[in-house]
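The file entry_0.txt contains compact mmCIF, C-alpha atoms (C1' of nucleotides):
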# COMPACT_ATOMS: atom_id res chain seq x y z
CA MET A 29 0.00 0.00 0.00
CA THR A 30 1.17 3.47 -0.83
CA ARG A 31 2.28 5.49 2.15
CA ARG A 32 2.02 9.29 2.19
CA ARG A 33 4.48 11.59 3.97
CA GLY A 34 5.24 15.16 4.88
CA ASN A 35 3.12 17.85 3.36
CA GLU A 36 0.80 15.58 1.44
CA LEU A 37 -0.07 13.72 4.60
CA GLN A 38 -0.57 16.91 6.59
CA GLN A 39 -3.00 18.26 4.05
CA ALA A 40 -5.01 15.04 4.20
CA ILE A 41 -5.18 15.42 7.97
CA PHE A 42 -6.43 19.01 7.76
CA ASP A 43 -9.09 17.92 5.29
CA ALA A 44 -10.12 15.16 7.64
CA VAL A 45 -10.45 17.65 10.49
CA PHE A 46 -12.87 19.86 8.57
CA ASP A 47 -14.76 16.91 7.17
CA GLN A 48 -15.29 15.52 10.63
CA ILE A 49 -16.38 18.83 12.15
CA GLY A 50 -18.67 19.50 9.23
CA ALA A 51 -20.23 16.07 9.43
CA PHE A 52 -20.53 15.48 13.18
CA GLY A 53 -19.66 18.76 14.87
CA TYR A 54 -16.73 19.71 17.00
CA ALA A 55 -18.12 17.78 19.94
CA ARG A 56 -17.56 14.47 18.19
CA LEU A 57 -14.21 15.37 16.74
CA THR A 58 -11.85 12.77 18.20
CA MET A 59 -8.25 12.13 17.38
CA ASP A 60 -9.09 8.54 16.57
CA ARG A 61 -11.71 9.57 14.08
CA VAL A 62 -9.48 12.17 12.46
CA ALA A 63 -6.77 9.55 12.09
CA VAL A 64 -9.13 7.04 10.50
CA ALA A 65 -10.73 9.65 8.24
CA ALA A 66 -7.30 10.75 7.07
CA GLY A 67 -6.28 7.12 6.51
CA THR A 68 -3.52 7.28 9.07
CA SER A 69 -3.12 6.63 12.78
CA LYS A 70 -2.96 8.55 16.03
CA PRO A 71 0.79 8.61 16.67
CA VAL A 72 1.20 10.36 13.34
CA LEU A 73 -0.98 13.15 14.69
CA TYR A 74 0.83 13.44 17.99
CA ARG A 75 4.22 13.51 16.28
CA ARG A 76 3.11 16.75 14.62
CA TRP A 77 0.90 18.43 17.19
CA ASP A 78 1.00 18.48 20.96
CA SER A 79 -2.73 18.28 21.44
CA LYS A 80 -6.07 18.20 19.72
CA GLU A 81 -6.49 21.93 20.21
CA ALA A 82 -3.13 22.57 18.58
CA LEU A 83 -4.14 20.48 15.60
CA VAL A 84 -7.44 22.29 15.08
CA LEU A 85 -5.83 25.69 15.55
CA ASP A 86 -3.15 24.83 13.01
CA ALA A 87 -5.67 23.45 10.54
CA LEU A 88 -7.59 26.70 10.81
CA ARG A 89 -4.47 28.83 10.54
CA GLU A 90 -3.26 27.04 7.42
CA SER A 91 -6.64 26.89 5.71
CA LEU A 92 -8.28 30.25 6.30
CA PRO A 93 -7.93 32.53 3.31
CA ALA A 94 -6.75 36.07 3.85
CA VAL A 95 -9.36 38.79 4.03
CA PRO A 96 -8.05 42.12 2.72
CA GLU A 97 -7.74 44.80 5.38
CA THR A 98 -7.83 47.76 3.01
CA PRO A 99 -10.07 48.65 0.07
CA LEU A 100 -8.84 47.70 -3.39
CA GLY A 101 -9.91 51.07 -4.76
CA LEU A 102 -12.09 49.68 -7.53
CA GLY A 103 -15.15 51.55 -6.44
CA LEU A 104 -17.86 50.99 -3.87
CA ARG A 105 -19.57 47.98 -5.40
CA ALA A 106 -16.46 46.13 -6.52
CA ASP A 107 -14.71 46.66 -3.21
CA LEU A 108 -17.67 45.43 -1.20
CA LEU A 109 -17.93 42.39 -3.42
CA ALA A 110 -14.24 41.64 -2.92
CA VAL A 111 -14.43 41.65 0.85
CA LEU A 112 -17.61 39.64 1.05
CA HIS A 113 -16.33 37.10 -1.45
CA ALA A 114 -13.24 36.60 0.69
CA LEU A 115 -15.45 36.18 3.73
CA ARG A 116 -17.57 33.66 1.88
CA ALA A 117 -14.45 31.71 0.94
CA ALA A 118 -13.54 31.46 4.61
CA PHE A 119 -16.86 29.80 5.32
CA ALA A 120 -16.46 27.54 2.31
CA VAL A 121 -13.10 26.01 3.17
CA THR A 122 -14.21 25.31 6.72
CA LYS A 123 -17.45 23.73 5.57
CA GLY A 124 -19.41 26.63 6.96
CA ILE A 125 -20.84 25.35 10.14
CA ALA A 126 -17.56 23.72 10.98
CA PHE A 127 -16.12 27.16 11.41
CA HIS A 128 -18.71 28.18 13.93
CA ALA A 129 -18.74 24.96 15.82
CA VAL A 130 -15.07 25.49 16.35
CA ALA A 131 -15.26 29.17 17.15
CA VAL A 132 -18.01 28.70 19.69
CA GLU A 133 -17.02 25.47 21.34
CA ALA A 134 -13.31 25.14 21.00
CA GLY A 135 -10.91 27.04 23.18
CA HIS A 136 -10.81 30.79 23.00
CA ASP A 137 -7.73 30.51 20.83
CA CYS A 138 -9.81 29.38 17.89
CA ARG A 139 -12.24 32.16 18.49
CA ARG A 140 -9.48 34.72 18.59
CA LEU A 141 -7.87 33.36 15.46
CA ALA A 142 -11.14 33.49 13.56
CA ASP A 143 -11.76 37.02 14.72
CA GLU A 144 -8.27 38.28 13.96
CA ARG A 145 -7.99 36.61 10.61
CA ILE A 146 -11.51 36.99 9.27
CA PHE A 147 -14.02 39.17 11.00
CA ALA A 148 -11.89 42.04 12.24
CA PRO A 149 -10.22 42.55 8.83
CA ALA A 150 -13.57 42.39 7.09
CA ARG A 151 -14.99 44.98 9.46
CA ARG A 152 -12.02 47.30 8.99
CA ALA A 153 -12.07 46.90 5.22
CA ILE A 154 -15.79 47.58 4.91
CA THR A 155 -15.59 50.61 7.16
CA ALA A 156 -12.74 51.96 5.05
CA ILE A 157 -14.69 51.31 1.86
CA LEU A 158 -17.69 53.17 3.19
CA ARG A 159 -15.59 56.08 4.39
CA ALA A 160 -13.89 56.37 1.02
CA ALA A 161 -17.25 56.35 -0.76
CA ALA A 162 -18.47 59.05 1.61
CA ASP A 163 -15.36 61.10 0.92
CA ARG A 164 -16.04 60.83 -2.79
CA GLY A 165 -19.58 62.01 -2.14
CA GLU A 166 -21.12 58.78 -3.37
CA ILE A 167 -22.89 58.05 -0.13
CA ASP A 168 -23.96 60.01 2.91
CA PRO A 169 -21.25 60.28 5.60
CA GLY A 170 -23.97 59.28 8.08
CA SER A 171 -23.95 55.84 6.51
CA VAL A 172 -20.51 55.05 7.85
CA THR A 173 -21.69 53.23 10.95
CA GLU A 174 -20.65 50.05 12.66
CA LEU A 175 -24.15 48.68 12.28
CA ILE A 176 -24.19 49.11 8.52
CA ALA A 177 -20.71 47.68 8.23
CA ASP A 178 -21.95 44.58 10.04
CA VAL A 179 -24.88 43.90 7.71
CA GLY A 180 -22.95 42.01 5.04
CA PRO A 181 -20.90 39.77 7.33
CA ALA A 182 -23.94 39.14 9.52
CA LEU A 183 -26.03 37.92 6.59
CA LEU A 184 -23.30 35.55 5.39
CA ARG A 185 -22.61 34.26 8.87
CA ASN A 186 -26.30 33.78 9.44
CA ARG A 187 -26.61 31.60 6.37
CA ALA A 188 -23.52 29.61 7.28
CA ILE A 189 -24.93 28.84 10.72
CA ASP A 190 -28.13 27.60 9.13
CA GLY A 191 -26.08 24.86 7.56
CA THR A 192 -25.57 25.90 3.96
CA VAL A 193 -22.44 27.65 2.83
CA PRO A 194 -23.44 30.88 1.09
CA ASP A 195 -22.70 30.84 -2.64
CA GLU A 196 -21.39 33.58 -4.89
CA ALA A 197 -24.89 34.52 -5.98
CA MET A 198 -25.79 35.32 -2.44
CA VAL A 199 -22.81 37.63 -2.09
CA THR A 200 -23.88 39.70 -5.08
CA ALA A 201 -27.46 39.68 -3.84
CA VAL A 202 -26.34 41.05 -0.48
CA VAL A 203 -24.46 43.83 -2.19
CA ASP A 204 -27.00 44.69 -4.88
CA GLU A 205 -30.25 44.12 -3.02
CA ILE A 206 -29.27 45.18 0.47
CA LEU A 207 -26.10 47.21 0.85
CA LEU A 208 -26.24 49.50 -2.19
CA PRO A 209 -29.94 50.37 -1.81
CA LEU A 210 -29.37 50.97 1.88
CA LEU A 211 -26.35 53.17 1.29
CA HIS A 212 -28.20 55.22 -1.31
CA ALA A 213 -31.34 55.53 0.79
CA PRO A 214 -32.35 58.93 2.11
CA THR A 215 -30.99 59.30 5.62
CA LEU A 216 -34.13 61.03 6.84
CA GLU A 217 -35.11 58.05 8.96
CA ARG A 218 -31.83 58.01 10.82
CA ARG A 219 -31.28 60.24 13.80
CA MET B 13 -30.79 23.23 55.78
CA THR B 14 -33.78 24.19 53.72
CA ARG B 15 -34.56 21.72 51.00
CA ARG B 16 -36.28 22.82 47.79
CA ARG B 17 -38.76 20.66 45.87
CA GLY B 18 -40.89 20.47 42.77
CA ASN B 19 -41.14 23.52 40.60
CA GLU B 20 -38.83 25.73 42.60
CA LEU B 21 -36.07 23.14 42.34
CA GLN B 22 -36.65 22.60 38.65
CA GLN B 23 -36.33 26.30 37.94
CA ALA B 24 -33.03 26.41 39.83
CA ILE B 25 -31.80 23.53 37.69
CA PHE B 26 -32.74 25.28 34.45
CA ASP B 27 -30.97 28.41 35.62
CA ALA B 28 -27.90 26.35 36.42
CA VAL B 29 -27.95 24.85 32.93
CA PHE B 30 -27.88 28.24 31.22
CA ASP B 31 -25.35 29.63 33.66
CA GLN B 32 -23.01 26.75 32.98
CA ILE B 33 -23.36 26.93 29.22
CA GLY B 34 -22.93 30.69 29.28
CA ALA B 35 -19.85 30.45 31.46
CA PHE B 36 -18.03 27.43 30.07
CA GLY B 37 -19.83 26.43 26.88
CA TYR B 38 -21.88 23.39 26.09
CA ALA B 39 -18.78 21.26 25.78
CA ARG B 40 -18.08 21.53 29.49
CA LEU B 41 -21.67 21.18 30.57
CA THR B 42 -21.67 18.10 32.79
CA MET B 43 -24.43 16.70 34.91
CA ASP B 44 -22.20 16.87 37.96
CA ARG B 45 -21.54 20.54 37.44
CA VAL B 46 -25.19 21.33 36.82
CA ALA B 47 -26.10 19.54 40.03
CA VAL B 48 -23.51 21.43 42.04
CA ALA B 49 -24.38 24.77 40.45
CA ALA B 50 -28.05 24.19 41.25
CA GLY B 51 -27.17 23.19 44.79
CA THR B 52 -28.54 19.68 44.38
CA SER B 53 -27.22 16.30 43.31
CA LYS B 54 -27.21 14.10 40.26
CA PRO B 55 -29.95 11.60 41.13
CA VAL B 56 -32.34 14.54 41.39
CA LEU B 57 -31.59 15.30 37.75
CA TYR B 58 -32.00 11.74 36.57
CA ARG B 59 -35.29 11.35 38.42
CA ARG B 60 -36.67 14.10 36.19
CA TRP B 61 -34.90 13.62 32.86
CA ASP B 62 -33.67 10.53 31.10
CA SER B 63 -30.49 12.07 29.80
CA LYS B 64 -28.44 15.21 29.57
CA GLU B 65 -29.88 15.99 26.16
CA ALA B 66 -33.40 15.68 27.52
CA LEU B 67 -32.57 18.10 30.30
CA VAL B 68 -31.11 20.71 27.98
CA LEU B 69 -33.97 20.35 25.52
CA ASP B 70 -36.49 20.76 28.31
CA ALA B 71 -34.67 23.75 29.76
CA LEU B 72 -34.77 25.36 26.35
CA ARG B 73 -38.39 24.48 25.79
CA GLU B 74 -39.51 25.92 29.12
CA SER B 75 -37.39 29.04 28.92
CA LEU B 76 -37.66 30.28 25.35
CA PRO B 77 -40.17 33.10 25.03
CA ALA B 78 -42.76 32.89 22.29
CA VAL B 79 -42.10 34.79 19.10
CA PRO B 80 -45.32 35.98 17.46
CA GLU B 81 -46.06 34.31 14.14
CA THR B 82 -48.35 36.99 12.81
CA PRO B 83 -48.12 40.78 12.69
CA LEU B 84 -49.76 42.71 15.50
CA GLY B 85 -51.18 45.20 13.02
CA LEU B 86 -49.72 48.27 14.70
CA GLY B 87 -47.96 49.44 11.61
CA LEU B 88 -44.67 48.67 9.91
CA ARG B 89 -42.28 50.08 12.49
CA ALA B 90 -44.10 48.91 15.59
CA ASP B 91 -44.61 45.41 14.23
CA LEU B 92 -40.96 45.03 13.25
CA LEU B 93 -39.92 46.25 16.69
CA ALA B 94 -42.22 43.71 18.34
CA VAL B 95 -40.77 40.75 16.51
CA LEU B 96 -37.17 41.78 16.96
CA HIS B 97 -37.70 42.51 20.63
CA ALA B 98 -39.09 39.02 21.10
CA LEU B 99 -36.11 37.61 19.28
CA ARG B 100 -33.76 39.60 21.47
CA ALA B 101 -35.50 38.26 24.55
CA ALA B 102 -34.81 34.73 23.36
CA PHE B 103 -31.10 35.49 23.24
CA ALA B 104 -31.25 37.17 26.62
CA VAL B 105 -32.79 34.34 28.62
CA THR B 106 -30.34 31.85 27.18
CA LYS B 107 -27.38 34.07 27.92
CA GLY B 108 -26.90 34.72 24.24
CA ILE B 109 -23.99 32.64 23.28
CA ALA B 110 -25.33 29.78 25.36
CA PHE B 111 -28.14 29.49 22.89
CA HIS B 112 -25.82 29.11 19.95
CA ALA B 113 -23.40 26.83 21.64
CA VAL B 114 -26.33 24.53 22.21
CA ALA B 115 -27.84 24.93 18.78
CA VAL B 116 -24.56 24.23 17.05
CA GLU B 117 -23.13 21.52 19.24
CA ALA B 118 -25.98 19.73 20.88
CA GLY B 119 -28.07 17.16 19.12
CA HIS B 120 -30.16 18.19 16.17
CA ASP B 121 -33.18 18.26 18.45
CA CYS B 122 -31.99 21.45 20.07
CA ARG B 123 -31.34 22.96 16.71
CA ARG B 124 -34.80 22.05 15.50
CA LEU B 125 -36.42 23.38 18.63
CA ALA B 126 -34.61 26.69 18.32
CA ASP B 127 -35.59 26.95 14.69
CA GLU B 128 -39.23 26.02 15.21
CA ARG B 129 -39.73 28.18 18.26
CA ILE B 130 -37.67 31.23 17.37
CA PHE B 131 -36.27 31.69 13.92
CA ALA B 132 -39.00 30.26 11.74
CA PRO B 133 -41.76 32.24 13.49
CA ALA B 134 -39.68 35.40 13.28
CA ARG B 135 -39.13 34.84 9.58
CA ARG B 136 -42.81 34.22 8.94
CA ALA B 137 -43.87 37.22 11.00
CA ILE B 138 -41.45 39.59 9.32
CA THR B 139 -42.42 38.40 5.86
CA ALA B 140 -46.08 38.93 6.74
CA ILE B 141 -45.32 42.40 8.08
CA LEU B 142 -43.51 43.35 4.89
CA ARG B 143 -46.25 41.95 2.70
CA ALA B 144 -48.89 43.88 4.63
CA ALA B 145 -46.91 47.09 4.30
CA ALA B 146 -46.55 46.46 0.58
CA ASP B 147 -50.29 45.88 0.31
CA ARG B 148 -50.90 49.18 2.02
CA GLY B 149 -48.56 50.80 -0.47
CA GLU B 150 -46.08 51.84 2.22
CA ILE B 151 -43.19 49.95 0.68
CA ASP B 152 -42.35 48.53 -2.71
CA PRO B 153 -43.65 44.97 -3.25
CA GLY B 154 -40.18 44.12 -4.54
CA SER B 155 -38.93 44.58 -0.99
CA VAL B 156 -40.72 41.48 0.23
CA THR B 157 -37.75 39.15 -0.14
CA GLU B 158 -36.27 36.44 2.01
CA LEU B 159 -32.98 38.26 2.11
CA ILE B 160 -34.48 41.45 3.47
CA ALA B 161 -36.52 39.52 6.00
CA ASP B 162 -33.30 37.95 7.24
CA VAL B 163 -31.47 41.22 7.86
CA GLY B 164 -32.88 41.93 11.32
CA PRO B 165 -32.51 38.43 12.77
CA ALA B 166 -29.06 38.10 11.23
CA LEU B 167 -27.82 41.29 12.88
CA LEU B 168 -29.10 40.26 16.30
CA ARG B 169 -27.75 36.75 15.97
CA ASN B 170 -24.44 38.11 14.84
CA ARG B 171 -24.11 40.24 17.94
CA ALA B 172 -25.15 37.38 20.19
CA ILE B 173 -22.45 35.15 18.73
CA ASP B 174 -19.88 37.83 19.38
CA GLY B 175 -20.56 37.35 23.05
CA THR B 176 -22.76 40.27 24.07
CA VAL B 177 -26.51 39.94 24.22
CA PRO B 178 -28.02 42.69 22.06
CA ASP B 179 -29.85 45.32 24.09
CA GLU B 180 -33.10 47.13 23.35
CA ALA B 181 -31.25 50.09 21.90
CA MET B 182 -29.76 47.86 19.27
CA VAL B 183 -33.16 46.58 18.25
CA THR B 184 -34.45 50.08 17.60
CA ALA B 185 -31.24 50.95 15.80
CA VAL B 186 -31.67 47.95 13.51
CA VAL B 187 -35.20 49.03 12.68
CA ASP B 188 -34.60 52.78 12.37
CA GLU B 189 -31.14 52.83 10.85
CA ILE B 190 -31.25 49.73 8.68
CA LEU B 191 -34.64 48.24 7.94
CA LEU B 192 -36.80 51.34 7.45
CA PRO B 193 -34.26 53.19 5.29
CA LEU B 194 -33.74 50.02 3.27
CA LEU B 195 -37.45 49.44 2.81
CA HIS B 196 -37.99 53.01 1.69
CA ALA B 197 -35.01 53.03 -0.63
CA PRO B 198 -35.56 53.27 -4.38
CA THR B 199 -35.56 49.76 -5.82
CA LEU B 200 -33.60 50.85 -8.88
CA GLU B 201 -30.57 48.88 -7.80
CA ARG B 202 -32.46 45.65 -7.47
CA ARG B 203 -33.03 43.44 -10.48
C1' DC C 26 -47.31 12.09 65.15
C1' DA C 27 -46.59 8.47 61.62
C1' DA C 28 -46.09 7.17 57.01
C1' DA C 29 -45.21 8.29 52.36
C1' DT C 30 -42.46 10.93 49.39
C1' DA C 31 -38.71 13.19 47.54
C1' DA C 32 -34.01 15.47 48.25
C1' DG C 33 -29.19 14.92 48.99
C1' DA C 34 -24.63 12.42 49.61
C1' DA C 35 -21.40 9.07 48.15
C1' DA C 36 -19.73 5.79 45.57
C1' DC C 37 -19.59 2.82 41.55
C1' DG C 38 -19.46 0.61 36.60
C1' DG C 39 -18.83 1.31 32.00
C1' DA C 40 -17.78 3.84 28.02
C1' DT C 41 -15.23 7.28 25.70
C1' DC C 42 -11.39 9.82 24.68
C1' DG C 43 -6.75 12.17 25.07
C1' DG C 44 -2.27 11.10 24.95
C1' DT C 45 1.68 7.50 25.12
C1' DT C 46 4.39 3.41 24.23
C1' DT C 47 6.05 -0.39 21.57
C1' DC C 48 6.76 -2.58 17.61
C1' DT C 49 6.41 -3.50 12.64
C1' DT C 50 6.64 -2.06 7.88
C1' DG C 51 7.27 0.76 4.08
C1' DT C 52 10.13 4.56 1.72
C1' DG C 53 13.32 7.76 0.35
C1' DT C 54 18.72 8.49 0.67
C1' DG C 55 23.65 7.57 0.42
C1' DC D 5 21.72 -2.56 -1.44
C1' DA D 6 21.81 -0.97 3.39
C1' DC D 7 20.63 2.29 6.63
C1' DA D 8 18.02 6.00 8.66
C1' DC D 9 13.63 7.76 9.17
C1' DA D 10 8.93 8.21 9.29
C1' DA D 11 4.24 5.86 8.76
C1' DG D 12 1.04 2.72 10.56
C1' DA D 13 -1.04 -0.81 13.82
C1' DA D 14 -2.24 -2.19 18.36
C1' DA D 15 -2.56 -1.94 22.85
C1' DC D 16 -2.45 0.62 26.92
C1' DC D 17 -3.08 4.25 30.98
C1' DG D 18 -5.49 7.76 33.21
C1' DA D 19 -9.06 11.06 33.35
C1' DT D 20 -13.59 12.41 32.58
C1' DC D 21 -18.25 11.85 32.39
C1' DC D 22 -22.85 9.56 31.90
C1' DG D 23 -26.06 7.10 34.18
C1' DT D 24 -27.18 4.03 38.35
C1' DT D 25 -27.46 2.24 42.98
C1' DT D 26 -27.73 2.54 47.87
C1' DC D 27 -28.53 4.81 51.81
C1' DT D 28 -29.60 8.79 54.77
C1' DT D 29 -32.29 12.83 55.88
C1' DA D 30 -35.68 16.38 55.41
C1' DT D 31 -40.50 17.70 54.24
C1' DT D 32 -45.07 17.08 53.27
C1' DT D 33 -49.44 14.87 54.11
C1' DG D 34 -52.99 12.30 56.33

Would you mind writing the file out in structure tokens?
Amino acid sequence: MTRRRGNELQQAIFDAVFDQIGAFGYARLTMDRVAVAAGTSKPVLYRRWDSKEALVLDALRESLPAVPETPLGLGLRADLLAVLHALRAAFAVTKGIAFHAVAVEAGHDCRRLADERIFAPARRAITAILRAAADRGEIDPGSVTELIADVGPALLRNRAIDGTVPDEAMVTAVVDEILLPLLHAPTLERR
Amino acid sequence: MTRRRGNELQQAIFDAVFDQIGAFGYARLTMDRVAVAAGTSKPVLYRRWDSKEALVLDALRESLPAVPETPLGLGLRADLLAVLHALRAAFAVTKGIAFHAVAVEAGHDCRRLADERIFAPARRAITAILRAAADRGEIDPGSVTELIADVGPALLRNRAIDGTVPDEAMVTAVVDEILLPLLHAPTLERR
DNA sequence: CAAATAAGAAACGGATCGGTTTCTTGTGTG
DNA sequence: CACACAAGAAACCGATCCGTTTCTTATTTG
């Protein structure tokens, strides 16, 4: 039988971690099951990571895509799409719910990693995008609020929790049907 | 020492369940700890519930407030506020994150209960509210979409996951700064 | 006040799981 | 081809936790 090593093996282990969490939740993620799912055995895992937490944290660290911190400067719509697509990708690689099961249930390290790598950058980027659009006079400066910046991420996260990874069509729908109309709405209603 | 019984004791146990989940997460919710936190002992728990899952499910069932399924008919703003306030209350009694830790990690029964008792009614109510407002000509019929109906719940849920239970001020902000401006926005951008 | 009922304390069995050890077997390297 | 190294298999230990049993003690009820 062919025997994998090094990087190839490690990647298979990471995949197994997300598969397991996605299928059975973090609660039933055991080292034995990860080993079997990856077609290897437990000592292989413990030769690479000190503990289960370390393995999950590393899997997350290696697999999470980068979310841009600063606007690309392609305009309001394109920049919003870029950030939200990156956010969507983060849910996709972690099988969506897997990501949240980990963030909520695993140690606070996972939570912090997720926040630092995904949500905080997305929030900063969106705020910067809105501010730039306001500076250009495209939208009302009153629209640069934390609450509005949270709308996009919240909708994607919401869908991910419900069990289905949001697709690209949803990202464009969020931008075109929610964010842009909202940003161009008269601010009369707001105090 | 005074010894509690019946309903008083049961309520203390439910409180202990949510306290424990809120403090340490569902993963570290053990029957021993619940018993100690409630100032009682394990056999008392097992005389009332067959298993840990049954206890948690029952605690959720007894504690979740009802979310109205149908609009109150007080107008667009008041009706939206009513639904979102009820939703907020659901997060509050379950210590916010506790609710999600359970929904994500516990058996699918908890998830189904949460959906049937909270999210599905909220979705139905909001959709009905929007449709009624469209019928009255207050908003564009094109605004009655699933995505728009999800905005309010998604924002509250998002905040709850981040660890802080949304307060009443946030509910009014969601309605006044997000939903109403969005609903009154020109639908030009939407396809 | 006596009897029925339920709470609380302590300890246990069994299963699961994290982490380790030992040993065998396959695979690249010199 | 031989040696070093890492993968894989199996079994194990200790801790944790679910669920149960037994017994004692308080409270309610008749």

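The nearest approach to chain A among the residues D:DA14, D:DA30, D:DA19, D:DC5, with all atoms listed in the file taken into account, belongs to D:DA14.
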
Contact residues around range 41-57 of chain A with only C-alpha atoms (C1' of nucleotides) at 10 Å, ignoring same-chain residues under 3 positions, as a count of residues only: 44

Show me, as JSON, numbers by chain, the residues that have an atom within 7 Å of Ala150 in chain A when counting all atoms listed in the file, minus same-chain residues fewer than 6 positions from it. {"A": [95, 97, 111]}

I need the residue nearest chain C from this list: B:His196, B:Lys54, B:Ala24, B:Ile173. Use only C-alpha atoms (C1' of nucleotides) for the distance. B:Lys54

I'd like the neighbourhood of range 31-43 of chain C as a PyMOL selection string, where a residue qualifies if any of its atoms comes within 10 Å (using only C-alpha atoms (C1' of nucleotides)), though same-chain residues fewer than 2 positions away should be ignored. (chain A and resi 58-60+79-80) or (chain B and resi 15-18+21+51-56+59) or (chain C and resi 29+45) or (chain D and resi 18-32)

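Note that the spacing between CA of Ala213 in chain A and CA of Ala197 in chain B amounts to 4.7 Å.
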
Neighbour list for Arg116 in chain A as a ChimeraX atom specification, cut-off 8 Å, only C-alpha atoms (C1' of nucleotides), skip fewer than 3 positions in-chain: /A:112-113,119-120,184,193-196,199

Using only C-alpha atoms (C1' of nucleotides), what does the table of chain D residues within 10 Å of range 48-51 of chain C look like, with each row giving the shortest atom pair and its distance in Å to one decimal, sorted by chain and ascending number, as CSV?
residue,atom,partner,partner_atom,distance
D:DA10,C1',C:DG51,C1',9.2
D:DA11,C1',C:DG51,C1',7.6
D:DG12,C1',C:DT50,C1',7.8
D:DA13,C1',C:DT49,C1',8.0
D:DA14,C1',C:DC48,C1',9.0

Which of these, A:Ile154, A:Leu100, A:Ala110, A:Ala118, has the shortest distance to Ser171 in chain A once you count all atoms listed in the file? A:Ile154

With N, CA and C atoms as the goal, would you fill in the gaps in range 53-69 of chain A and present it as a CSV table (one decimal), keeping the file's coordinate frame?
chain,number,residue,atom,x,y,z
A,53,GLY,N,-19.8,17.7,13.9
A,53,GLY,CA,-19.7,18.8,14.9
A,53,GLY,C,-18.4,18.6,15.7
A,54,TYR,N,-18.0,19.7,16.2
A,54,TYR,CA,-16.7,19.7,17.0
A,54,TYR,C,-16.8,18.8,18.2
A,55,ALA,N,-18.0,18.6,18.7
A,55,ALA,CA,-18.1,17.8,19.9
A,55,ALA,C,-17.7,16.4,19.7
A,56,ARG,N,-17.9,15.8,18.5
A,56,ARG,CA,-17.6,14.5,18.2
A,56,ARG,C,-16.3,14.4,17.4
A,57,LEU,N,-15.5,15.4,17.4
A,57,LEU,CA,-14.2,15.4,16.7
A,57,LEU,C,-13.2,14.7,17.7
A,58,THR,N,-12.8,13.5,17.4
A,58,THR,CA,-11.8,12.8,18.2
A,58,THR,C,-10.6,12.5,17.4
A,59,MET,N,-9.5,12.4,18.1
A,59,MET,CA,-8.2,12.1,17.4
A,59,MET,C,-8.3,10.8,16.6
A,60,ASP,N,-8.9,9.8,17.2
A,60,ASP,CA,-9.1,8.5,16.6
A,60,ASP,C,-9.8,8.7,15.2
A,61,ARG,N,-10.9,9.4,15.3
A,61,ARG,CA,-11.7,9.6,14.1
A,61,ARG,C,-11.0,10.4,13.0
A,62,VAL,N,-10.3,11.4,13.4
A,62,VAL,CA,-9.5,12.2,12.5
A,62,VAL,C,-8.5,11.3,11.8
A,63,ALA,N,-7.8,10.5,12.6
A,63,ALA,CA,-6.8,9.6,12.1
A,63,ALA,C,-7.4,8.6,11.1
A,64,VAL,N,-8.5,8.0,11.4
A,64,VAL,CA,-9.1,7.0,10.5
A,64,VAL,C,-9.6,7.8,9.2
A,65,ALA,N,-10.2,8.9,9.4
A,65,ALA,CA,-10.7,9.6,8.2
A,65,ALA,C,-9.6,10.1,7.3
A,66,ALA,N,-8.4,10.3,7.9
A,66,ALA,CA,-7.3,10.8,7.1
A,66,ALA,C,-6.5,9.5,6.6
A,67,GLY,N,-7.0,8.3,6.9
A,67,GLY,CA,-6.3,7.1,6.5
A,67,GLY,C,-4.9,6.9,7.2
A,68,THR,N,-4.8,7.4,8.4
A,68,THR,CA,-3.5,7.3,9.1
A,68,THR,C,-3.8,6.8,10.5
A,69,SER,N,-2.9,7.1,11.4
A,69,SER,CA,-3.1,6.6,12.8
A,69,SER,C,-2.7,7.7,13.8
